[in-house]
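Enquirer: Below you'll find the structure I mean.
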There are 2 protein chains.
Amino acid sequence: MDNLCGGQGTCGKCLVKVLKGRVSCRESALPQQAGRYLACRTHLLSDLEIALMPQMTGCSYNPMPENLAFKNYNYLQTPLVKKYFLELPPARAENNSSDSARVMRELKKVSGLNEPLIGLKLLSRMPQLIRKNQGEVTATVSPARTPLMLNIESGRKPQNYGLALDLGTTTLVGALLDLDTLEVLSLKGSYNPQLSYGEDVISRMIFAEKVRNRLILQKSALEGINRLIMETAREAGIEPDRITCLTVAANSAMLHFLYGLDTHYLRRDPYLPVTTSFSSLQARDLGVKISREGIIVSLPAVSSYLGGDLVAGVLACKMEQKNSLSLLMDLGTNGEVALGNREWLGAASCSAGPAFEGGGIKFGMRAAPGAIQKIKITAEKISCLTIGGGKPLGICGSGLIDLLAELLKNRLIDRSGKFRPQKAPHLFRETSDGPALRLVEKADSGLDEAILVWETDLENLIRAKAAMYAGCEFLLKKMGLDFNQVEEFFLGGGFGNYLEVENAVIIGLLPDLPRKKFVLAGNTSLKGSALCLASREAYEKTQEIASGITSFELSLESEFMNRYTAALFLPHTDLKAFPRVKADLGF
Amino acid sequence: MDNLCGGQGTCGKCLVKVLKGRVSCRESALPQQAGRYLACRTHLLSDLEIALMPQMTGCSYNPMPENLAFKNYNYLQTPLVKKYFLELPPARAENNSSDSARVMRELKKVSGLNEPLIGLKLLSRMPQLIRKNQGEVTATVSPARTPLMLNIESGRKPQNYGLALDLGTTTLVGALLDLDTLEVLSLKGSYNPQLSYGEDVISRMIFAEKVRNRLILQKSALEGINRLIMETAREAGIEPDRITCLTVAANSAMLHFLYGLDTHYLRRDPYLPVTTSFSSLQARDLGVKISREGIIVSLPAVSSYLGGDLVAGVLACKMEQKNSLSLLMDLGTNGEVALGNREWLGAASCSAGPAFEGGGIKFGMRAAPGAIQKIKITAEKISCLTIGGGKPLGICGSGLIDLLAELLKNRLIDRSGKFRPQKAPHLFRETSDGPALRLVEKADSGLDEAILVWETDLENLIRAKAAMYAGCEFLLKKMGLDFNQVEEFFLGGGFGNYLEVENAVIIGLLPDLPRKKFVLAGNTSLKGSALCLASREAYEKTQEIASGITSFELSLESEFMNRYTAALFLPHTDLKAFPRVKADLGF
């Protein structure tokens, strides 16, 4: 186990679940949960049997496969970092330009690039580098608006990889790309190690009020990123120091944490980020363990609550290129909505919470092997399908949506999400936290216990879906539009193609539109991040998108609150808005 | 005394002259001179009386005043670093751009500058900085092609100074400018501390073959620069950390030393610099002790032996703007010549040696208080005039030229520079190094000894003047021109306006042209450096100049060697080329 705080009881890295035996636990700064203890603050009173908390051990998982096919986009293939093999002609008295000038001249011939900036460290090694292999060198260049010479190596060193990252509040997902072929070599996810400091960005921002803690959060994010770098590289069978570029799509708070910026004003009215655009940085300066000469580039954000992840989503869905109206609902930890076409774009953050990523749900988990992703209830029997087919370890977003819809269809809950145990008493059980649905019995579970669902879990889910729906509705209304005018309705989120759209409509997460309008777009944040990695043109487009999006602050709008409250029923207070669901379910 | 090498006998910092008493001295890596010892390698055998060697103690001097008047140039006043006072409007919900965006917006209003790059360190302090004084901040910006935000301070902090540096092989001269008014606040010179490692660049480059020594040379240059920063700041009564920019005009070897670059290939055929252009650098990254956020900008060089100092000279003399042909003879340590007009420019380094800076002359010194700057010989009596009027300490370039010319006029030397003591025996004296001219008797000297001049001193001077003259002649010939076509003949060098042009013609340093064609241009390297500091436009012009100059390598040209040999007489082997001198002196 990592132990970041040195036994202060603040980092949460050593959280364990006590299965058998007795302990005494000193108080700690972190909230306590029954049966879970910080090992560093705990004395053993007997022999113990414990379980490590999977998300705390920081293990990675294989996320849903994503279709990152670059050919679906009309951007030029101009990776943010490129390598060029150069053959310098021998220097002669009549051609005694400087070493640097000769490199630049050949580079220009090969690439058309005009005199990249070159650092002193590289200059100081240059004479040896270019002479070692008789003038054969490989130049690594960032062909940005101000091109930058990142590295010069002797000989032919073609390998050039990049990592596209979706740095989420709950999870990190990284796609390792060959920057020559744009092939995805590996794809990995892991929980965000910052979860130890708060499940959501608000609690982490509170934690970050102390400058010391701000640095802990930064270190923690870097730790997660560096692990993902190692694991994607290992899976692809390449050396991490051959990765020359890391692109990051993240919300504003995560960006602030990553760059070590103050979030004090980010979480206070009028919600001011320090910056929304981040210039590219030497990876080593930040502590990112790719090539020493590699760079890290973050997608620009729009505002405090509309991050680079949303901008990535708009880019990935080509919303800014379309003549017709499209809407993107990104079911990340916070939940954002973007609406528009090539003429205009508007967006809002719905503060939906992390329910769709399994957050705030006791047995919730991210879409990863072992997660229940599909649920069917027939004849008072529940059947579950897990990702990978193994024994269930928890339930992920698509499973939760299925569950809520199936419970509603089978009248095992009412339209406000309250259990109706009398309908099928054998499916329920009394616990110290109230009645619970017996989703998976202990014998069938991959854990050492049954997987249960409480009413509070469902309430969290309903609040999340209500916020998302109300956010869309509000945005449309602001533009004088309604759902029927949306031509394409993109659904972004880590659950990939596993979402049952029909069920999402039944619970009222999605509006009751012709189903063909819905497009499961997958992890649009990761896709946008990968697009930028592959194409400087795409990256430059994100800057246009970010500055072009009109941002709406829902928390200030009573109109939004009203719509949110109305959406707290299943599928909605106003059944007229859901004619097909009403007919199908017979409400 | 500084002691850089820790008693290894290599740094030369502790050189002393033993006046009285006996010592025993262990061998050291440095060449030994009679009566001079490295204190660190020396045992005392009796009580001693010693003198510190002035140029080793690194004391600064007041160089000749320079006319740096910016108004004589038609460049825009756009200092390389500018400060802008900004008043940020309070943030509101309807105007919640990021802190950074609000700064950029106000900056653009005030300056027209588009989004300078901003570093992470500054961003991390930004929220506090802009709130401390209710949105009143001072932004320090480098408005380069890619503008850079160097600093943001709370409140109104208008002070903005820059130091223009002429980093010469022998001496450093710095002019401290107020970057608002462009007034010169102080002007200081000091010997280059690198003199301990070799008098000329060749011997320093040999020393620098070891990487460790390369770092010692860099450190030594920085030490000299930092001292000059402190001393100019002290004289001007300002804090060094209010200096935001340092411009450096230096030859290619000095630039390599300063930036810690390998000079191995610089001193070997085909004479390749690592680079001739240097991107601007954070001063702190190099160890230059101005403002932590300040930058250091070096003027570009042309080639191995044509440095940024020559480019500065061309700029300072406006050679690249003139329709008519002009020639610049820069009497620095190496001696360079540039020729041309607005259509074309050519230049060559003459390897003249440091005689005009007092180098290679036993009692030679830089033009500084105490230096004999004017000499007159009448009726077999020598009268000397020193800079500042005090007792003489040595003889500087203009004094040496006078001396040679006066000796020739009075027939105290022949046309090859050999003493003719029989003409005035009382003016000469026999020494262990052969006959010497008694320039100043011990009683009149500011030293504790008489100031003498040997034939070898004169030979050094004659070789230097021959190289300069032959260089000019060669360059003209290459272009199919001759001296008569030169409209303006600029003389650059640290002797300011003290050079007696007539005498320079008599010894054949200058051609026998109408005297009104000669322009004493002063320290053109410093002037060009100051121009760049005051105007980005001028700095950008240096890049055009540097890439536009055709460079000639005299050492490869037998034609040059022939002309050099012919110039080793006074004024010249070919007296027809010096008709007025011939007539005046009756040769």
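Going through the structure tokens in order, the chains are called A, B, and so on, while each chain numbers its residues from 1 and the ligands are numbered from 1 in the order shown.
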Out of segment 291-384 of chain A, which residues get strand (DSSP E or B) from DSSP, as a ChimeraX atom specification?
Expert: /A:295-298,303,306,326-330,336-340,345-349,364,371-378,381-384
Enquirer: At a cut-off of 8 Å, can you tabulate as CSV every residue of chain A near chain B together with its closest atom pair and the distance in Å to one decimal, using only C-alpha atoms and ordering rows by chain then number?
Expert:
```
residue,atom,partner,partner_atom,distance
A:Ala91,CA,B:Pro270,CA,7.0
A:Arg92,CA,B:Pro270,CA,5.8
A:Ala93,CA,B:Pro270,CA,4.7
A:Asn96,CA,B:Leu272,CA,5.8
A:Ser97,CA,B:Leu272,CA,6.5
A:Ser98,CA,B:Pro273,CA,4.7
A:Asp99,CA,B:Val274,CA,4.8
A:Ser100,CA,B:Thr275,CA,5.0
A:Ala101,CA,B:Thr275,CA,6.7
A:Leu117,CA,B:Ser279,CA,6.9
A:Ile118,CA,B:Ser279,CA,7.5
A:Gly119,CA,B:Ser279,CA,7.9
A:Leu120,CA,B:Tyr259,CA,7.2
A:Leu123,CA,B:Val274,CA,6.7
A:Ser124,CA,B:Leu261,CA,4.7
A:Arg125,CA,B:Asp262,CA,7.9
A:Met126,CA,B:Val274,CA,6.9
A:Pro127,CA,B:Val274,CA,6.5
A:Thr146,CA,B:Thr146,CA,7.1
A:Tyr259,CA,B:Leu120,CA,7.1
A:Gly260,CA,B:Ser124,CA,6.7
A:Leu261,CA,B:Ser124,CA,4.7
A:Asp262,CA,B:Ser124,CA,6.2
A:Tyr265,CA,B:Pro127,CA,7.7
A:Asp269,CA,B:Ala93,CA,7.1
A:Pro270,CA,B:Ala93,CA,4.7
A:Tyr271,CA,B:Asn96,CA,6.7
A:Leu272,CA,B:Ser98,CA,5.2
A:Pro273,CA,B:Ser98,CA,4.7
A:Val274,CA,B:Asp99,CA,4.8
A:Thr275,CA,B:Ser98,CA,4.9
A:Thr276,CA,B:Ser98,CA,6.4
A:Ser279,CA,B:Leu117,CA,6.9
A:Ser303,CA,B:Ser97,CA,6.9
```
Enquirer: Those residues with N, CA, C and O atoms, as a short mmCIF file (atom, residue, chain, number, x, y, z; two decimals), in the first residue's frame please?
Expert:
```cif
data_model
loop_
_atom_site.label_atom_id
_atom_site.label_comp_id
_atom_site.auth_asym_id
_atom_site.auth_seq_id
_atom_site.Cartn_x
_atom_site.Cartn_y
_atom_site.Cartn_z
N ALA A 91 29.81 19.33 -42.71
CA ALA A 91 30.14 20.76 -42.70
C ALA A 91 31.43 20.97 -43.48
O ALA A 91 32.34 20.16 -43.42
N ARG A 92 31.47 22.04 -44.22
CA ARG A 92 32.69 22.38 -44.95
C ARG A 92 32.98 23.86 -44.76
O ARG A 92 32.13 24.62 -44.33
N ALA A 93 34.20 24.21 -45.09
CA ALA A 93 34.61 25.60 -44.88
C ALA A 93 33.65 26.55 -45.58
O ALA A 93 33.29 27.60 -45.04
N ASN A 96 29.88 26.66 -43.45
CA ASN A 96 30.12 26.46 -42.02
C ASN A 96 29.05 27.14 -41.16
O ASN A 96 29.34 27.86 -40.24
N SER A 97 27.79 26.89 -41.50
CA SER A 97 26.71 27.34 -40.63
C SER A 97 26.85 26.61 -39.29
O SER A 97 27.50 25.57 -39.21
N SER A 98 26.20 27.13 -38.29
CA SER A 98 26.27 26.52 -36.97
C SER A 98 25.59 25.15 -37.00
O SER A 98 24.79 24.85 -37.88
N ASP A 99 25.94 24.31 -36.03
CA ASP A 99 25.31 23.00 -35.89
C ASP A 99 23.80 23.15 -35.89
O ASP A 99 23.07 22.44 -36.58
N SER A 100 23.35 24.08 -35.08
CA SER A 100 21.93 24.32 -34.93
C SER A 100 21.30 24.72 -36.27
O SER A 100 20.25 24.19 -36.66
N ALA A 101 21.95 25.60 -37.01
CA ALA A 101 21.40 26.07 -38.28
C ALA A 101 21.31 24.92 -39.28
O ALA A 101 20.36 24.84 -40.06
N LEU A 117 12.07 26.73 -31.59
CA LEU A 117 12.87 27.16 -30.44
C LEU A 117 13.64 25.96 -29.92
O LEU A 117 13.13 24.84 -29.92
N ILE A 118 14.83 26.21 -29.44
CA ILE A 118 15.66 25.11 -28.96
C ILE A 118 16.28 25.51 -27.64
O ILE A 118 16.77 26.62 -27.48
N GLY A 119 16.19 24.62 -26.67
CA GLY A 119 16.65 24.94 -25.32
C GLY A 119 18.15 24.77 -25.17
O GLY A 119 18.82 24.17 -26.00
N LEU A 120 18.65 25.31 -24.09
CA LEU A 120 20.07 25.33 -23.83
C LEU A 120 20.63 23.94 -23.57
O LEU A 120 21.74 23.61 -24.00
N LEU A 123 21.15 22.31 -26.81
CA LEU A 123 22.28 22.94 -27.51
C LEU A 123 23.61 22.46 -26.94
O LEU A 123 24.57 22.25 -27.67
N SER A 124 23.62 22.27 -25.62
CA SER A 124 24.90 21.92 -25.01
C SER A 124 25.32 20.49 -25.38
O SER A 124 26.48 20.16 -25.29
N ARG A 125 24.37 19.67 -25.81
CA ARG A 125 24.72 18.31 -26.22
C ARG A 125 24.82 18.17 -27.75
O ARG A 125 25.22 17.14 -28.28
N MET A 126 24.38 19.22 -28.45
CA MET A 126 24.22 19.16 -29.90
C MET A 126 25.46 18.70 -30.65
O MET A 126 25.37 17.82 -31.52
N PRO A 127 26.65 19.29 -30.40
CA PRO A 127 27.82 18.91 -31.21
C PRO A 127 28.06 17.39 -31.19
O PRO A 127 28.31 16.79 -32.23
N THR A 146 4.31 28.33 -32.00
CA THR A 146 5.74 28.55 -31.86
C THR A 146 6.37 27.17 -31.77
O THR A 146 6.36 26.55 -30.72
N TYR A 259 -2.31 21.02 -12.11
CA TYR A 259 -1.28 22.05 -12.30
C TYR A 259 -0.94 22.77 -10.98
O TYR A 259 -0.18 23.73 -10.98
N GLY A 260 -1.55 22.30 -9.90
CA GLY A 260 -1.22 22.88 -8.60
C GLY A 260 -1.78 24.28 -8.41
O GLY A 260 -1.19 25.10 -7.70
N LEU A 261 -2.90 24.58 -9.04
CA LEU A 261 -3.46 25.93 -8.94
C LEU A 261 -4.50 26.03 -7.82
O LEU A 261 -5.17 25.06 -7.47
N ASP A 262 -4.61 27.22 -7.31
CA ASP A 262 -5.53 27.53 -6.22
C ASP A 262 -6.99 27.37 -6.68
O ASP A 262 -7.39 27.95 -7.70
N TYR A 265 -11.17 30.31 -5.34
CA TYR A 265 -12.21 31.13 -6.00
C TYR A 265 -13.02 30.33 -7.02
O TYR A 265 -14.04 30.80 -7.50
N ASP A 269 -18.88 31.72 -5.43
CA ASP A 269 -19.53 32.68 -6.30
C ASP A 269 -18.59 33.88 -6.49
O ASP A 269 -18.09 34.41 -5.51
N PRO A 270 -18.31 34.38 -7.68
CA PRO A 270 -18.86 33.96 -9.00
C PRO A 270 -18.04 32.88 -9.72
O PRO A 270 -18.06 32.89 -10.95
N TYR A 271 -17.45 31.99 -9.01
CA TYR A 271 -16.83 30.78 -9.59
C TYR A 271 -15.78 31.09 -10.67
O TYR A 271 -16.03 30.94 -11.85
N LEU A 272 -14.62 31.53 -10.19
CA LEU A 272 -13.58 31.96 -11.12
C LEU A 272 -12.42 30.98 -11.18
O LEU A 272 -11.74 30.78 -10.18
N PRO A 273 -12.18 30.40 -12.33
CA PRO A 273 -10.96 29.60 -12.48
C PRO A 273 -9.75 30.54 -12.50
O PRO A 273 -9.90 31.73 -12.80
N VAL A 274 -8.57 30.01 -12.18
CA VAL A 274 -7.36 30.81 -12.36
C VAL A 274 -7.13 31.01 -13.85
O VAL A 274 -6.82 32.09 -14.31
N THR A 275 -7.31 29.93 -14.60
CA THR A 275 -7.19 30.02 -16.04
C THR A 275 -8.03 28.90 -16.66
O THR A 275 -8.34 27.92 -15.99
N THR A 276 -8.40 29.09 -17.90
CA THR A 276 -9.09 28.01 -18.60
C THR A 276 -8.23 27.44 -19.72
O THR A 276 -8.58 26.43 -20.31
N SER A 279 -0.90 26.43 -21.32
CA SER A 279 0.09 26.27 -22.38
C SER A 279 0.79 24.93 -22.19
O SER A 279 0.84 24.39 -21.10
N SER A 303 -15.22 27.25 -18.43
CA SER A 303 -15.46 28.00 -17.20
C SER A 303 -15.22 27.06 -16.02
O SER A 303 -14.74 25.95 -16.20
#
```
Enquirer: Could you list, as a list in words, every residue within 7 Å of Phe489 of chain A, counting only C-alpha atoms and ignoring same-chain residues fewer than 6 positions away?
Expert: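 Result of the neighbour search: Ser326, Leu327, Leu328, Lys517, Phe518 and Val519 of chain A.
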Enquirer: Neighbouring residues of Glu320 of chain A were defined as those with any atom within 9 Å, considering only C-alpha atoms; residues of the same chain fewer than 5 positions away were excluded. Please report them as a list of chain:residue names.
Expert: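 Surrounding residues, per the criterion: A:Val314, A:Leu315, A:Gly340, A:Asn341, A:Arg342, A:Glu343, A:Trp344, A:Leu345, A:Ile545.
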Enquirer: Could those residues be written to a file, using C-alpha atoms, as a PDB file, in the first residue's frame?
Expert:
```
ATOM      1  CA  VAL A 314     -18.080  18.569 -28.425  1.00  0.00           C
ATOM      2  CA  LEU A 315     -15.030  17.963 -30.597  1.00  0.00           C
ATOM      3  CA  GLY A 340     -25.725  23.649 -30.542  1.00  0.00           C
ATOM      4  CA  ASN A 341     -24.579  23.511 -34.130  1.00  0.00           C
ATOM      5  CA  ARG A 342     -21.903  25.133 -36.317  1.00  0.00           C
ATOM      6  CA  GLU A 343     -23.400  28.553 -35.616  1.00  0.00           C
ATOM      7  CA  TRP A 344     -23.538  28.516 -31.823  1.00  0.00           C
ATOM      8  CA  LEU A 345     -22.858  26.354 -28.796  1.00  0.00           C
ATOM      9  CA  ILE A 545     -14.808  25.635 -29.241  1.00  0.00           C
TER      10      ILE A 545
END
```
Enquirer: Identify, with DSSP run on backbone atoms, the residues in segment 413-517 of chain A assigned to alpha helix (DSSP H), and express the list as a PyMOL selection string.
Expert: chain A and resi 455-478+501-506
Enquirer: I need the residues from that last selection saved to file as a compact mmCIF listing (two decimals), in the first residue's frame (with N, CA, C and O atoms), if you can.
Expert:
```txt
# COMPACT_ATOMS: atom_id res chain seq x y z
N GLU A 455 -32.75 2.09 -0.83
CA GLU A 455 -33.54 3.19 -1.40
C GLU A 455 -32.69 4.44 -1.60
O GLU A 455 -32.86 5.18 -2.56
N THR A 456 -31.76 4.66 -0.66
CA THR A 456 -30.90 5.86 -0.80
C THR A 456 -30.05 5.79 -2.07
O THR A 456 -29.76 6.81 -2.69
N ASP A 457 -29.66 4.57 -2.45
CA ASP A 457 -28.92 4.42 -3.72
C ASP A 457 -29.79 4.89 -4.89
O ASP A 457 -29.35 5.62 -5.77
N LEU A 458 -31.06 4.42 -4.85
CA LEU A 458 -31.98 4.78 -5.94
C LEU A 458 -32.23 6.29 -5.94
O LEU A 458 -32.31 6.92 -6.99
N GLU A 459 -32.36 6.86 -4.73
CA GLU A 459 -32.57 8.32 -4.65
C GLU A 459 -31.41 9.07 -5.30
O GLU A 459 -31.61 10.05 -6.03
N ASN A 460 -30.20 8.62 -5.02
CA ASN A 460 -29.03 9.26 -5.65
C ASN A 460 -29.12 9.21 -7.16
O ASN A 460 -28.83 10.17 -7.85
N LEU A 461 -29.51 8.04 -7.64
CA LEU A 461 -29.62 7.84 -9.08
C LEU A 461 -30.70 8.74 -9.67
O LEU A 461 -30.53 9.36 -10.73
N ILE A 462 -31.83 8.82 -8.97
CA ILE A 462 -32.95 9.63 -9.46
C ILE A 462 -32.58 11.11 -9.46
O ILE A 462 -32.88 11.85 -10.40
N ARG A 463 -31.87 11.56 -8.41
CA ARG A 463 -31.44 12.96 -8.38
C ARG A 463 -30.50 13.24 -9.56
O ARG A 463 -30.59 14.28 -10.21
N ALA A 464 -29.65 12.27 -9.84
CA ALA A 464 -28.69 12.46 -10.94
C ALA A 464 -29.41 12.54 -12.27
O ALA A 464 -29.15 13.43 -13.09
N LYS A 465 -30.36 11.63 -12.50
CA LYS A 465 -31.04 11.63 -13.80
C LYS A 465 -31.92 12.88 -13.94
O LYS A 465 -32.05 13.45 -15.03
N ALA A 466 -32.48 13.32 -12.82
CA ALA A 466 -33.32 14.52 -12.84
C ALA A 466 -32.49 15.74 -13.21
O ALA A 466 -32.91 16.58 -14.01
N ALA A 467 -31.30 15.81 -12.64
CA ALA A 467 -30.42 16.95 -12.93
C ALA A 467 -30.03 16.97 -14.40
O ALA A 467 -30.03 18.03 -15.04
N MET A 468 -29.72 15.81 -14.94
CA MET A 468 -29.31 15.74 -16.34
C MET A 468 -30.46 16.15 -17.26
O MET A 468 -30.28 16.94 -18.20
N TYR A 469 -31.62 15.60 -16.98
CA TYR A 469 -32.78 15.88 -17.83
C TYR A 469 -33.14 17.37 -17.76
O TYR A 469 -33.37 18.03 -18.77
N ALA A 470 -33.17 17.89 -16.53
CA ALA A 470 -33.54 19.29 -16.34
C ALA A 470 -32.52 20.22 -16.99
O ALA A 470 -32.86 21.28 -17.53
N GLY A 471 -31.27 19.81 -16.94
CA GLY A 471 -30.21 20.60 -17.57
C GLY A 471 -30.43 20.73 -19.07
O GLY A 471 -30.34 21.82 -19.64
N CYS A 472 -30.76 19.60 -19.71
CA CYS A 472 -31.04 19.62 -21.15
C CYS A 472 -32.24 20.52 -21.46
O CYS A 472 -32.20 21.35 -22.38
N GLU A 473 -33.27 20.30 -20.68
CA GLU A 473 -34.52 21.03 -20.89
C GLU A 473 -34.29 22.53 -20.75
O GLU A 473 -34.75 23.34 -21.57
N PHE A 474 -33.55 22.90 -19.72
CA PHE A 474 -33.28 24.30 -19.45
C PHE A 474 -32.51 24.94 -20.62
O PHE A 474 -32.84 26.03 -21.09
N LEU A 475 -31.49 24.23 -21.06
CA LEU A 475 -30.63 24.74 -22.13
C LEU A 475 -31.44 24.96 -23.41
O LEU A 475 -31.32 26.00 -24.08
N LEU A 476 -32.29 23.99 -23.74
CA LEU A 476 -33.14 24.10 -24.93
C LEU A 476 -34.07 25.30 -24.80
O LEU A 476 -34.22 26.11 -25.72
N LYS A 477 -34.67 25.40 -23.65
CA LYS A 477 -35.63 26.49 -23.39
C LYS A 477 -34.94 27.86 -23.55
O LYS A 477 -35.49 28.78 -24.15
N LYS A 478 -33.72 27.94 -22.99
CA LYS A 478 -32.97 29.19 -23.07
C LYS A 478 -32.77 29.63 -24.52
O LYS A 478 -32.68 30.81 -24.83
N VAL A 501 -30.81 2.17 -24.06
CA VAL A 501 -31.44 3.47 -24.26
C VAL A 501 -32.89 3.45 -23.79
O VAL A 501 -33.38 4.39 -23.13
N GLU A 502 -33.60 2.36 -24.11
CA GLU A 502 -35.02 2.28 -23.75
C GLU A 502 -35.21 2.48 -22.25
O GLU A 502 -36.07 3.24 -21.82
N ASN A 503 -34.35 1.82 -21.47
CA ASN A 503 -34.44 1.96 -20.02
C ASN A 503 -34.09 3.37 -19.55
O ASN A 503 -34.68 3.87 -18.60
N ALA A 504 -33.15 4.00 -20.22
CA ALA A 504 -32.77 5.36 -19.85
C ALA A 504 -33.93 6.31 -20.11
O ALA A 504 -34.12 7.29 -19.37
N VAL A 505 -34.75 6.00 -21.14
CA VAL A 505 -35.94 6.82 -21.39
C VAL A 505 -37.00 6.52 -20.32
O VAL A 505 -37.64 7.43 -19.79
N ILE A 506 -37.14 5.22 -19.99
CA ILE A 506 -38.15 4.83 -19.00
C ILE A 506 -37.93 5.54 -17.66
O ILE A 506 -38.87 5.98 -17.01
```
Enquirer: Which is closest to Leu585 of chain B among B:Ser558, B:Leu339, B:Gly493, B:Ile507, if we use only C-alpha atoms?
Expert: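 Checking each candidate against Leu585 of chain B, we get B:Ile507 as the closest.
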